[in-house]
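Below is upload-v5.cif, holding mmCIF, C-alpha atoms.
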data_data
loop_
_atom_site.label_atom_id
_atom_site.label_comp_id
_atom_site.auth_asym_id
_atom_site.auth_seq_id
_atom_site.Cartn_x
_atom_site.Cartn_y
_atom_site.Cartn_z
CA MET Y 1 -26.25 -17.43 -4.89
CA ALA Y 2 -28.82 -14.71 -4.45
CA THR Y 3 -28.90 -12.05 -7.10
CA ALA Y 4 -28.22 -8.42 -6.48
CA SER Y 5 -31.88 -7.49 -6.87
CA HIS Y 6 -32.73 -9.45 -3.73
CA TYR Y 7 -30.63 -7.14 -1.66
CA GLY Y 8 -31.54 -3.72 -2.99
CA PRO Y 9 -30.15 -1.26 -5.52
CA SER Y 10 -27.14 -2.46 -7.44
CA SER Y 11 -24.63 -0.83 -9.75
CA SER Y 12 -24.30 -3.97 -11.86
CA SER Y 13 -27.08 -3.11 -14.32
CA LEU Y 14 -25.73 0.43 -14.75
CA GLU Y 15 -22.28 -1.01 -15.43
CA ARG Y 16 -23.70 -3.34 -18.10
CA ASP Y 17 -25.58 -0.46 -19.72
CA ALA Y 18 -22.43 1.67 -19.75
CA ARG Y 19 -20.50 -1.16 -21.39
CA ARG Y 20 -23.13 -1.46 -24.13
CA ILE Y 21 -23.01 2.30 -24.75
CA HIS Y 22 -19.22 2.22 -25.13
CA ASP Y 23 -19.15 -1.14 -26.90
CA ASP Y 24 -17.61 0.41 -30.04
CA LYS Y 25 -14.89 2.23 -28.11
CA PRO Y 26 -12.30 -0.31 -26.96
CA VAL Y 27 -10.04 0.91 -24.19
CA SER Y 28 -6.30 0.79 -24.80
CA PRO Y 29 -3.76 -0.75 -22.40
CA GLY Y 30 -2.38 2.76 -22.01
CA SER Y 31 -5.71 4.07 -20.71
CA ILE Y 32 -5.96 1.13 -18.33
CA ALA Y 33 -2.43 1.87 -17.13
CA VAL Y 34 -3.24 5.52 -16.39
CA GLY Y 35 -6.35 4.54 -14.43
CA VAL Y 36 -4.45 1.92 -12.46
CA VAL Y 37 -1.63 4.32 -11.55
CA ILE Y 38 -4.10 7.02 -10.45
CA GLY Y 39 -5.95 4.51 -8.31
CA ARG Y 40 -2.86 3.15 -6.62
CA MET Y 41 -1.39 6.62 -6.16
CA SER Y 42 -4.50 7.77 -4.30
CA GLU Y 43 -4.35 4.79 -1.94
CA PHE Y 44 -0.68 5.24 -1.16
CA PHE Y 45 -1.08 9.01 -0.79
CA ASP Y 46 -3.68 8.45 1.94
CA PHE Y 47 -1.46 5.97 3.74
CA PHE Y 48 1.71 8.03 3.45
CA VAL Y 49 0.01 11.21 4.61
CA TYR Y 50 -0.89 9.29 7.75
CA GLY Y 51 2.55 7.66 7.96
CA LEU Y 52 4.38 10.99 7.80
CA ALA Y 53 2.04 12.50 10.39
CA SER Y 54 2.71 9.53 12.66
CA VAL Y 55 6.27 10.84 12.93
CA LEU Y 56 5.87 14.60 12.56
CA VAL Y 57 2.57 15.29 14.34
CA PHE Y 58 0.92 12.58 16.41
CA PRO Y 59 3.71 11.98 18.96
CA GLN Y 60 3.34 15.59 20.12
CA LEU Y 61 -0.35 16.18 19.41
CA ILE Y 62 -1.87 12.89 20.58
CA PHE Y 63 0.74 11.51 22.98
CA PRO Y 64 2.17 14.54 24.84
CA PHE Y 65 1.87 12.58 28.11
CA ALA Y 66 4.54 10.04 27.03
CA PRO Y 67 7.74 10.22 29.11
CA ASP Y 68 9.86 10.96 26.04
CA ARG Y 69 9.62 11.50 22.28
CA LEU Y 70 10.73 7.92 21.53
CA THR Y 71 7.90 6.41 23.55
CA ALA Y 72 5.40 8.79 21.96
CA THR Y 73 6.60 7.77 18.48
CA LEU Y 74 6.29 4.08 19.37
CA TYR Y 75 2.70 4.70 20.52
CA SER Y 76 2.05 6.46 17.23
CA PHE Y 77 3.53 3.57 15.23
CA ALA Y 78 1.34 1.13 17.16
CA ILE Y 79 -1.77 2.92 15.87
CA PHE Y 80 -0.15 3.07 12.42
CA SER Y 81 -0.25 -0.75 12.38
CA LEU Y 82 -4.00 -0.95 13.00
CA ALA Y 83 -4.86 -0.31 9.35
CA PHE Y 84 -3.06 -3.47 8.28
CA LEU Y 85 -5.07 -5.52 10.76
CA ALA Y 86 -8.32 -4.06 9.45
CA ARG Y 87 -7.49 -4.51 5.77
CA PRO Y 88 -8.24 -8.28 5.49
CA VAL Y 89 -11.53 -7.72 7.31
CA GLY Y 90 -12.40 -4.99 4.82
CA SER Y 91 -11.63 -7.33 1.93
CA VAL Y 92 -14.04 -9.96 3.25
CA VAL Y 93 -16.85 -7.44 3.81
CA PHE Y 94 -16.39 -5.60 0.53
CA MET Y 95 -16.15 -8.82 -1.50
CA THR Y 96 -19.65 -9.58 -0.22
CA ILE Y 97 -20.80 -6.09 -1.25
CA ASP Y 98 -19.20 -6.69 -4.65
CA ARG Y 99 -21.16 -9.91 -5.21
CA MET Y 100 -24.44 -8.44 -3.99
CA TYR Y 101 -24.40 -4.89 -5.35
CA GLY Y 102 -21.69 -4.67 -8.02
CA ARG Y 103 -18.13 -3.47 -8.40
CA GLY Y 104 -19.13 0.18 -8.84
CA THR Y 105 -21.07 0.27 -5.57
CA LYS Y 106 -18.21 -1.41 -3.75
CA LEU Y 107 -15.59 1.03 -5.05
CA THR Y 108 -17.75 4.09 -4.36
CA ILE Y 109 -18.32 3.08 -0.74
CA ALA Y 110 -14.71 2.04 -0.21
CA LEU Y 111 -13.10 5.16 -1.67
CA PHE Y 112 -15.45 7.56 0.08
CA LEU Y 113 -14.74 5.71 3.33
CA LEU Y 114 -11.01 5.85 2.65
CA GLY Y 115 -11.07 9.55 1.77
CA GLY Y 116 -13.51 10.33 4.57
CA SER Y 117 -11.42 8.54 7.19
CA THR Y 118 -8.30 10.37 6.02
CA ALA Y 119 -10.00 13.77 5.82
CA SER Y 120 -11.57 13.29 9.27
CA ILE Y 121 -8.12 13.14 10.80
CA ALA Y 122 -7.66 16.76 9.66
CA PHE Y 123 -10.29 17.82 12.22
CA LEU Y 124 -8.86 15.74 15.07
CA PRO Y 125 -8.39 17.67 18.33
CA GLY Y 126 -5.28 16.97 20.36
CA TYR Y 127 -4.92 15.14 23.67
CA GLU Y 128 -4.76 18.38 25.60
CA GLU Y 129 -8.22 19.32 24.28
CA ILE Y 130 -10.26 16.10 24.59
CA GLY Y 131 -7.95 13.73 26.41
CA VAL Y 132 -8.02 10.02 25.68
CA TRP Y 133 -10.78 10.51 23.10
CA SER Y 134 -8.17 11.90 20.70
CA ILE Y 135 -6.37 8.54 20.83
CA ALA Y 136 -9.62 6.63 20.37
CA LEU Y 137 -10.66 8.75 17.38
CA LEU Y 138 -7.24 8.47 15.75
CA ALA Y 139 -7.38 4.68 16.14
CA LEU Y 140 -10.92 4.63 14.71
CA PHE Y 141 -9.98 6.69 11.66
CA ARG Y 142 -6.87 4.56 11.09
CA LEU Y 143 -8.98 1.40 11.25
CA GLY Y 144 -11.33 3.06 8.77
CA GLN Y 145 -8.43 3.64 6.38
CA GLY Y 146 -7.40 0.00 6.51
CA PHE Y 147 -10.94 -1.33 6.28
CA ALA Y 148 -11.64 0.86 3.25
CA LEU Y 149 -8.40 -0.10 1.53
CA GLY Y 150 -9.54 -3.71 1.69
CA GLY Y 151 -12.49 -2.66 -0.45
CA ALA Y 152 -10.44 -0.55 -2.85
CA TRP Y 153 -9.10 -3.67 -4.59
CA ASP Y 154 -10.66 -3.16 -8.01
CA GLY Y 155 -9.17 -5.83 -10.25
CA LEU Y 156 -7.76 -3.22 -12.63
CA ALA Y 157 -4.20 -4.48 -12.16
CA SER Y 158 -5.44 -7.93 -13.22
CA LEU Y 159 -7.27 -6.33 -16.15
CA LEU Y 160 -4.01 -4.73 -17.20
CA ALA Y 161 -2.09 -7.99 -16.81
CA LEU Y 162 -4.67 -10.00 -18.77
CA ASN Y 163 -4.47 -7.48 -21.63
CA ALA Y 164 -0.66 -7.52 -21.63
CA PRO Y 165 1.32 -9.14 -24.46
CA ALA Y 166 2.85 -12.45 -23.39
CA LYS Y 167 6.42 -11.15 -23.75
CA HIS Y 168 5.78 -7.98 -21.77
CA ARG Y 169 4.02 -9.21 -18.63
CA GLY Y 170 6.79 -7.96 -16.40
CA TRP Y 171 6.48 -4.50 -17.92
CA TYR Y 172 2.71 -4.36 -17.36
CA ALA Y 173 3.02 -5.86 -13.87
CA MET Y 174 5.23 -2.97 -12.72
CA ILE Y 175 2.84 -0.22 -13.85
CA PRO Y 176 0.47 -0.38 -10.83
CA GLN Y 177 3.49 -0.27 -8.51
CA LEU Y 178 4.38 3.23 -9.72
CA GLY Y 179 1.53 4.54 -7.59
CA ALA Y 180 3.54 3.93 -4.40
CA PRO Y 181 6.54 6.22 -4.98
CA ILE Y 182 4.34 8.82 -6.69
CA GLY Y 183 1.97 8.87 -3.72
CA PHE Y 184 4.88 9.04 -1.29
CA ALA Y 185 6.54 11.87 -3.21
CA LEU Y 186 3.35 13.94 -3.29
CA ALA Y 187 2.73 13.41 0.43
CA SER Y 188 6.35 14.28 1.25
CA ILE Y 189 6.28 17.42 -0.89
CA LEU Y 190 3.12 18.65 0.83
CA PHE Y 191 4.35 17.94 4.33
CA GLY Y 192 7.84 19.19 3.52
CA TYR Y 193 6.46 22.52 2.28
CA PHE Y 194 4.59 23.18 5.52
CA VAL Y 195 7.44 21.93 7.71
CA ALA Y 196 9.92 24.22 5.94
CA ASN Y 197 7.74 27.33 5.81
CA LEU Y 198 5.86 27.34 9.10
CA SER Y 199 6.97 27.67 12.68
CA SER Y 200 6.70 24.53 14.78
CA GLU Y 201 3.71 26.01 16.60
CA ASP Y 202 1.81 26.83 13.41
CA PHE Y 203 2.63 23.48 11.83
CA LEU Y 204 1.33 21.54 14.83
CA SER Y 205 -1.67 23.83 15.14
CA TRP Y 206 -3.00 23.83 11.58
CA GLY Y 207 -0.35 23.29 8.89
CA TRP Y 208 -0.27 19.49 9.12
CA ARG Y 209 -4.02 19.28 8.47
CA TYR Y 210 -3.94 20.44 4.83
CA PRO Y 211 -2.49 17.22 3.33
CA PHE Y 212 -5.39 15.29 4.87
CA PHE Y 213 -7.88 17.58 3.11
CA VAL Y 214 -6.09 17.03 -0.19
CA ALA Y 215 -6.42 13.26 0.26
CA PHE Y 216 -10.21 13.40 -0.05
CA ALA Y 217 -10.06 15.35 -3.32
CA ILE Y 218 -7.55 12.90 -4.77
CA ASN Y 219 -9.80 9.98 -3.84
CA VAL Y 220 -12.74 11.53 -5.70
CA VAL Y 221 -10.61 11.88 -8.85
CA ALA Y 222 -9.38 8.30 -8.44
CA LEU Y 223 -12.93 7.02 -8.02
CA PHE Y 224 -14.06 8.42 -11.38
CA ALA Y 225 -10.91 7.11 -13.08
CA ARG Y 226 -11.61 3.63 -11.73
CA LEU Y 227 -15.32 3.61 -12.48
CA ARG Y 228 -14.58 4.59 -16.07
CA LEU Y 229 -12.47 1.44 -16.49
CA VAL Y 230 -14.86 -0.82 -14.56
CA MET Y 231 -17.54 0.14 -17.10
CA THR Y 232 -15.50 -0.79 -20.16
CA LYS Y 233 -16.28 -3.69 -22.46
CA GLU Y 234 -12.91 -5.30 -21.67
CA PHE Y 235 -13.63 -5.35 -17.95
CA GLY Y 236 -17.12 -6.69 -18.52
CA THR Y 237 -15.86 -9.49 -20.77
CA LEU Y 238 -13.36 -10.67 -18.17
CA LEU Y 239 -16.01 -10.37 -15.47
CA GLU Y 240 -18.38 -12.57 -17.47
CA GLN Y 241 -15.54 -15.07 -17.98
CA HIS Y 242 -15.09 -15.15 -14.18
CA GLU Y 243 -11.56 -13.74 -14.46
CA LEU Y 244 -12.43 -10.74 -12.27
CA GLU Y 245 -15.32 -12.20 -10.31
CA ALA Y 246 -15.52 -11.83 -6.53
CA ALA Y 247 -15.63 -15.28 -4.93
CA PRO Y 248 -16.57 -16.18 -1.33
CA ILE Y 249 -13.42 -16.03 0.77
CA LEU Y 250 -14.02 -19.41 2.46
CA GLU Y 251 -14.25 -21.10 -0.93
CA VAL Y 252 -11.03 -19.40 -2.07
CA LEU Y 253 -9.26 -20.51 1.12
CA ARG Y 254 -10.49 -24.07 0.59
CA VAL Y 255 -9.24 -24.24 -3.00
CA HIS Y 256 -6.18 -22.01 -2.83
CA GLY Y 257 -5.26 -21.81 0.85
CA ARG Y 258 -1.73 -23.07 0.20
CA ASP Y 259 -1.25 -20.61 -2.66
CA ILE Y 260 -2.40 -17.73 -0.47
CA LEU Y 261 0.09 -18.70 2.23
CA ILE Y 262 2.99 -19.00 -0.22
CA GLY Y 263 1.94 -15.84 -2.05
CA ALA Y 264 1.93 -13.85 1.19
CA PHE Y 265 5.59 -14.71 1.80
CA VAL Y 266 6.94 -14.29 -1.75
CA PRO Y 267 6.98 -10.44 -1.62
CA LEU Y 268 7.98 -10.30 2.05
CA ALA Y 269 11.51 -8.94 1.42
CA SER Y 270 10.07 -6.09 -0.65
CA PHE Y 271 7.22 -5.31 1.73
CA ALA Y 272 9.49 -5.47 4.80
CA MET Y 273 11.79 -2.94 3.16
CA PHE Y 274 8.89 -0.72 2.08
CA HIS Y 275 8.44 1.15 5.35
CA LEU Y 276 12.10 0.84 6.32
CA VAL Y 277 13.05 3.32 3.58
CA THR Y 278 10.02 5.58 3.95
CA ILE Y 279 8.60 5.95 7.47
CA PHE Y 280 11.38 4.50 9.66
CA PRO Y 281 14.22 6.78 8.43
CA LEU Y 282 12.09 9.86 9.05
CA GLY Y 283 11.34 8.63 12.55
CA TRP Y 284 14.99 7.93 13.27
CA MET Y 285 16.07 11.31 11.89
CA SER Y 286 13.46 13.17 13.96
CA LEU Y 287 14.67 11.42 17.12
CA TYR Y 288 18.43 11.13 16.69
CA GLY Y 289 19.49 13.13 13.63
CA ASN Y 290 20.61 16.74 13.34
CA GLN Y 291 19.52 17.37 9.75
CA PRO Y 292 16.53 19.72 9.30
CA ILE Y 293 13.41 17.65 8.71
CA GLY Y 294 12.41 19.73 5.69
CA ALA Y 295 15.77 19.09 4.04
CA PHE Y 296 15.60 15.38 4.78
CA MET Y 297 12.13 15.17 3.22
CA VAL Y 298 13.64 16.56 0.01
CA VAL Y 299 16.05 13.63 0.12
CA GLN Y 300 13.09 11.28 0.51
CA VAL Y 301 11.46 12.79 -2.59
CA VAL Y 302 14.70 12.19 -4.49
CA GLY Y 303 14.62 8.62 -3.22
CA ALA Y 304 11.06 8.22 -4.51
CA ILE Y 305 12.16 9.41 -7.95
CA VAL Y 306 14.95 6.83 -7.91
CA GLY Y 307 12.33 4.26 -6.91
CA ILE Y 308 10.20 5.20 -9.92
CA VAL Y 309 13.17 4.64 -12.23
CA THR Y 310 14.03 1.24 -10.75
CA ILE Y 311 10.39 0.11 -10.78
CA ILE Y 312 10.35 0.82 -14.51
CA ALA Y 313 13.67 -1.03 -14.86
CA SER Y 314 12.15 -4.01 -13.02
CA GLY Y 315 9.63 -4.45 -15.82
CA LEU Y 316 12.36 -4.59 -18.46
CA ILE Y 317 14.49 -6.98 -16.42
CA ALA Y 318 11.60 -9.31 -15.54
CA ASP Y 319 10.69 -9.67 -19.22
CA ARG Y 320 14.26 -10.81 -19.89
CA ILE Y 321 15.00 -13.17 -16.99
CA GLY Y 322 11.56 -13.97 -15.56
CA ARG Y 323 9.74 -12.67 -12.52
CA ARG Y 324 10.79 -15.47 -10.16
CA ALA Y 325 14.48 -15.05 -11.00
CA GLN Y 326 14.27 -11.31 -10.53
CA LEU Y 327 12.53 -11.58 -7.16
CA ALA Y 328 15.14 -14.09 -6.00
CA ILE Y 329 18.04 -11.87 -7.11
CA CYS Y 330 16.44 -8.84 -5.47
CA ALA Y 331 15.93 -10.80 -2.23
CA VAL Y 332 19.66 -11.53 -2.21
CA ILE Y 333 20.40 -7.83 -2.84
CA ILE Y 334 18.07 -6.90 0.03
CA ALA Y 335 19.87 -9.42 2.24
CA VAL Y 336 23.17 -7.70 1.42
CA PHE Y 337 21.58 -4.29 2.05
CA SER Y 338 20.42 -5.53 5.47
CA PHE Y 339 24.10 -5.50 6.53
CA VAL Y 340 25.04 -2.29 4.73
CA GLY Y 341 21.95 -0.24 5.64
CA PRO Y 342 22.54 0.03 9.41
CA ILE Y 343 26.13 1.15 8.76
CA LEU Y 344 24.85 3.92 6.48
CA ILE Y 345 22.29 5.15 9.00
CA ALA Y 346 24.90 5.25 11.75
CA SER Y 347 27.41 7.25 9.67
CA GLY Y 348 25.78 10.68 9.90
CA ASN Y 349 23.58 12.78 7.65
CA SER Y 350 25.23 11.77 4.37
CA GLY Y 351 24.96 8.09 5.28
CA HIS Y 352 21.36 8.54 6.31
CA ASP Y 353 20.60 10.16 2.96
CA ALA Y 354 22.43 7.39 1.11
CA PHE Y 355 20.38 4.80 3.00
CA VAL Y 356 17.17 6.35 1.71
CA ILE Y 357 18.27 6.84 -1.90
CA ILE Y 358 20.00 3.46 -2.29
CA GLY Y 359 17.21 1.79 -0.37
CA PHE Y 360 14.58 3.19 -2.72
CA GLY Y 361 16.61 1.97 -5.68
CA VAL Y 362 16.77 -1.57 -4.32
CA LEU Y 363 13.13 -1.44 -3.24
CA GLY Y 364 11.96 -0.43 -6.71
CA LEU Y 365 13.66 -3.38 -8.40
CA SER Y 366 11.88 -5.80 -6.06
CA PHE Y 367 8.61 -3.98 -5.44
CA GLY Y 368 8.05 -3.53 -9.16
CA GLN Y 369 7.28 -7.24 -9.54
CA ALA Y 370 6.00 -8.03 -6.05
CA THR Y 371 2.28 -7.75 -6.76
CA GLY Y 372 2.56 -9.58 -10.08
CA SER Y 373 3.88 -12.59 -8.21
CA ILE Y 374 0.87 -12.70 -5.92
CA SER Y 375 -1.82 -13.57 -8.47
CA SER Y 376 0.17 -15.92 -10.70
CA ARG Y 377 -1.02 -19.19 -9.10
CA PHE Y 378 -4.75 -18.49 -8.91
CA GLY Y 379 -7.14 -20.04 -11.38
CA ARG Y 380 -10.10 -18.46 -13.13
CA GLY Y 381 -12.83 -17.46 -10.72
CA TYR Y 382 -10.42 -17.21 -7.79
CA ARG Y 383 -7.80 -14.75 -9.07
CA TYR Y 384 -9.56 -11.55 -8.03
CA THR Y 385 -10.41 -12.53 -4.45
CA GLY Y 386 -7.32 -14.68 -3.96
CA ALA Y 387 -4.95 -11.92 -5.07
CA ALA Y 388 -6.70 -9.38 -2.83
CA PHE Y 389 -6.55 -11.53 0.28
CA THR Y 390 -2.96 -12.60 -0.40
CA SER Y 391 -1.93 -8.97 -0.79
CA ASP Y 392 -3.64 -8.11 2.51
CA LEU Y 393 -1.73 -10.81 4.37
CA ALA Y 394 1.58 -9.90 2.69
CA TRP Y 395 1.22 -6.25 3.73
CA LEU Y 396 0.18 -7.27 7.25
CA VAL Y 397 3.11 -9.64 7.82
CA GLY Y 398 5.73 -7.74 5.84
CA ALA Y 399 4.99 -4.06 6.31
CA GLY Y 400 2.28 -3.42 8.88
CA PHE Y 401 4.50 -3.56 11.95
CA ALA Y 402 7.80 -2.65 10.29
CA PRO Y 403 8.14 0.94 11.67
CA LEU Y 404 7.14 -0.17 15.17
CA VAL Y 405 9.42 -3.22 15.23
CA ALA Y 406 12.36 -1.46 13.57
CA LEU Y 407 12.27 1.54 15.90
CA SER Y 408 11.77 -0.66 18.98
CA LEU Y 409 14.69 -2.92 18.11
CA SER Y 410 17.06 -0.16 16.99
CA SER Y 411 16.42 2.08 20.00
CA ARG Y 412 16.92 -0.79 22.44
CA PHE Y 413 19.51 -3.05 20.83
CA GLY Y 414 21.09 -0.94 18.07
CA LEU Y 415 20.65 -0.41 14.35
CA THR Y 416 22.10 -3.82 13.54
CA PHE Y 417 18.79 -5.37 14.57
CA VAL Y 418 17.01 -3.39 11.85
CA GLY Y 419 19.24 -5.27 9.44
CA TYR Y 420 18.31 -8.58 11.04
CA TYR Y 421 14.65 -7.74 10.63
CA LEU Y 422 15.16 -6.97 6.95
CA LEU Y 423 17.28 -10.10 6.51
CA SER Y 424 14.45 -12.25 7.87
CA GLY Y 425 12.17 -10.88 5.13
CA ALA Y 426 14.72 -11.73 2.44
CA ILE Y 427 15.07 -15.28 3.79
CA CYS Y 428 11.28 -15.72 3.80
CA THR Y 429 11.07 -14.57 0.18
CA LEU Y 430 13.79 -16.97 -0.97
CA ALA Y 431 12.19 -19.85 0.94
CA ALA Y 432 8.74 -19.09 -0.49
CA LEU Y 433 10.11 -18.90 -4.05
CA ALA Y 434 11.92 -22.23 -3.63
CA PHE Y 435 8.83 -23.88 -2.15
CA SER Y 436 6.62 -22.49 -4.92
CA LYS Y 437 8.99 -23.80 -7.60
CA ALA Y 438 9.10 -27.23 -5.94
CA LEU Y 439 5.29 -27.39 -5.88
CA GLU Y 440 5.04 -26.45 -9.55
CA GLN Y 441 7.54 -29.16 -10.50
CA ARG Y 442 5.62 -31.70 -8.42
CA GLU Y 443 2.34 -30.69 -10.03
#
Show me, as structure tokens, the structure contained in the file I just sent.
Amino acid sequence: MATASHYGPSSSSLERDARRIHDDKPVSPGSIAVGVVIGRMSEFFDFFVYGLASVLVFPQLIFPFAPDRLTATLYSFAIFSLAFLARPVGSVVFMTIDRMYGRGTKLTIALFLLGGSTASIAFLPGYEEIGVWSIALLALFRLGQGFALGGAWDGLASLLALNAPAKHRGWYAMIPQLGAPIGFALASILFGYFVANLSSEDFLSWGWRYPFFVAFAINVVALFARLRLVMTKEFGTLLEQHELEAAPILEVLRVHGRDILIGAFVPLASFAMFHLVTIFPLGWMSLYGNQPIGAFMVVQVVGAIVGIVTIIASGLIADRIGRRAQLAICAVIIAVFSFVGPILIASGNSGHDAFVIIGFGVLGLSFGQATGSISSRFGRGYRYTGAAFTSDLAWLVGAGFAPLVALSLSSRFGLTFVGYYLLSGAICTLAALAFSKALEQRE
């Protein structure tokens, strides 16, 4: 393999120098945890800012020509899905950058691209101003978000897991997952404030743009938090031991192709539910509900807080009964919720609110251990790249098209079909867990 110096400037030597400077200052698991949560929160904030705008803004701003609001929202959700298609491509490209130029260079490029793509949406003119170019630009920026997120995989969650005590791996595995509900809550609070305090005209004219500006600032803070940890002695030691090394994707597929496939389906119940309790309920409420959107977004923030609590609980439970057992139990609970959830949504405002709050609670118990399950089967030298690519595929299959599919099915065939969609994810998770256990016993 060619060295970084053959390709141009690299951050690798700077990272090594920084590790030598701070050699006598070991980083604590708590510091790693804070950096990981900040990093994940920034990613999810970017994605949720876009997700909320795909319901509240883009159907009217970008697709005013649609025959009705439902069709416009479906168009918006179609573009929402593009990021999940671009994410695996971003992982492949940025893994190459990682090997050639270093982890610091990779993260700097990826996070500036992520923040830049998100912030650029704030300047997007509407369809009535530039026509079809507004759709093209929105799609381009959304692809940029997904492509950049593929490069934002930093290995810090693995660093945290590898520094975790043996009896507390479930606890440490849930810490990165806290970034999702925190990012969602912050995005909802920002959007909810402008929705509640501005007229519809002002909100669609300029109010919705502010959260996209904030996203860039958050990404800059997250970048420095991540670089600080990448330049620690602990990270460097694991990198030298090939625990956090970026491997060529074709080699990883050759060695661990089966593990990647199984790993992509293990968290499917959790990932399928992810957007069904965040983006889909807001879309359904905006189309068919009579509750003020600002008030409903407060309910979503409450749901996110419940999700934080149950994510924390997932760490305690997993350390007692094991991650596989917990994921299996949660998949069964999600299967049960797939029958109860549509009934709640159809029972008015209170039922709709209950769907979100209960759904977040169930989601947190499962999502808290979902990512930890992804990297458990990869060996040294393949864990970093294998976990990244597996996560990309899991999000693509489980969550990428969830708002589009759920809204399409429910609007055409009824809310029961949303439950069927969620049930299919639970069945896939249970099947993947059973298959994984059978392979381990055979091996």
- Just say which residues the PyMOL selection byres ((chain Y and resi 396) around 12) picks in this file, as a PyMOL selection string. chain Y and resi 80-89+146+150+264-265+267-268+271-272+275+389-395+397-402
Give me a file of those residues, with C-alpha atoms, as an mmCIF file, in the frame of the given file.
data_model
loop_
_atom_site.group_PDB
_atom_site.id
_atom_site.type_symbol
_atom_site.label_atom_id
_atom_site.label_comp_id
_atom_site.auth_asym_id
_atom_site.auth_seq_id
_atom_site.Cartn_x
_atom_site.Cartn_y
_atom_site.Cartn_z
ATOM 1 C CA PHE Y 80 -0.150 3.070 12.420
ATOM 2 C CA SER Y 81 -0.250 -0.750 12.380
ATOM 3 C CA LEU Y 82 -4.000 -0.950 13.000
ATOM 4 C CA ALA Y 83 -4.860 -0.310 9.350
ATOM 5 C CA PHE Y 84 -3.060 -3.470 8.280
ATOM 6 C CA LEU Y 85 -5.070 -5.520 10.760
ATOM 7 C CA ALA Y 86 -8.320 -4.060 9.450
ATOM 8 C CA ARG Y 87 -7.490 -4.510 5.770
ATOM 9 C CA PRO Y 88 -8.240 -8.280 5.490
ATOM 10 C CA VAL Y 89 -11.530 -7.720 7.310
ATOM 11 C CA GLY Y 146 -7.400 0.000 6.510
ATOM 12 C CA GLY Y 150 -9.540 -3.710 1.690
ATOM 13 C CA ALA Y 264 1.930 -13.850 1.190
ATOM 14 C CA PHE Y 265 5.590 -14.710 1.800
ATOM 15 C CA PRO Y 267 6.980 -10.440 -1.620
ATOM 16 C CA LEU Y 268 7.980 -10.300 2.050
ATOM 17 C CA PHE Y 271 7.220 -5.310 1.730
ATOM 18 C CA ALA Y 272 9.490 -5.470 4.800
ATOM 19 C CA HIS Y 275 8.440 1.150 5.350
ATOM 20 C CA PHE Y 389 -6.550 -11.530 0.280
ATOM 21 C CA THR Y 390 -2.960 -12.600 -0.400
ATOM 22 C CA SER Y 391 -1.930 -8.970 -0.790
ATOM 23 C CA ASP Y 392 -3.640 -8.110 2.510
ATOM 24 C CA LEU Y 393 -1.730 -10.810 4.370
ATOM 25 C CA ALA Y 394 1.580 -9.900 2.690
ATOM 26 C CA TRP Y 395 1.220 -6.250 3.730
ATOM 27 C CA VAL Y 397 3.110 -9.640 7.820
ATOM 28 C CA GLY Y 398 5.730 -7.740 5.840
ATOM 29 C CA ALA Y 399 4.990 -4.060 6.310
ATOM 30 C CA GLY Y 400 2.280 -3.420 8.880
ATOM 31 C CA PHE Y 401 4.500 -3.560 11.950
ATOM 32 C CA ALA Y 402 7.800 -2.650 10.290
#
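The space between CA of Phe147 (chain Y) and CA of Ile121 (chain Y) spans 15.4 Å.
Minimum distance to Glu245 (chain Y) across Y:Tyr382, Y:Phe203, Y:Tyr420, Y:Phe77 (counting all atoms listed in the file) occurs at Y:Tyr382.
Each of Y:Leu404, Y:Leu227, Y:Ile308, Y:Ala269 was checked against Ala331 (chain Y) using all atoms listed in the file; the smallest atom-to-atom distance is that of Y:Ala269.
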- Item | Selection result of the PyMOL selection byres ((chain Y and resi 346) around 12) on this file, as a PyMOL selection string | chain Y and resi 281+284-285+288-289+339-345+347-355+410+414-416+418
Could you give me, as a tab-separated table, every region 254-353 of chain Y residue with an atom at most 9 Å from region 163-179 of chain Y, plus its closest atom pair and distance in Å to one decimal, counting only C-alpha atoms, rows ordered by chain then number?
residue	atom	partner	partner_atom	distance
Y:Gly307	CA	Y:Leu178	CA	8.5
Y:Ile308	CA	Y:Leu178	CA	6.1
Y:Ile311	CA	Y:Met174	CA	6.3
Y:Ile312	CA	Y:Met174	CA	6.6
Y:Ala313	CA	Y:Trp171	CA	8.5
Y:Ser314	CA	Y:Met174	CA	7.0
Y:Gly315	CA	Y:Trp171	CA	3.8
Y:Leu316	CA	Y:Trp171	CA	5.9
Y:Ile317	CA	Y:Gly170	CA	7.8
Y:Ala318	CA	Y:Gly170	CA	5.1
Y:Asp319	CA	Y:Gly170	CA	5.1
Y:Arg320	CA	Y:Gly170	CA	8.7
Y:Gly322	CA	Y:Gly170	CA	7.7
Y:Arg323	CA	Y:Gly170	CA	6.8
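Nearest residue to Gly126 (chain Y) among Y:Ile279, Y:Leu138, Y:Met297, Y:Leu253 is Y:Leu138, counting only C-alpha atoms.
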- For Phe48 (chain Y): contacts at 10 Å, only C-alpha atoms, fewer than 2 positions along chain excluded, given as number ranges by chain: Y: 42-46, 50-54, 180-181, 183-188, 275, 278-279
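Proximity ranking of Y:Ser31, Y:Gln60, Y:Ser91, Y:Thr108 relative to Ala388 (chain Y) places Y:Ser91 first, based on all atoms listed in the file.
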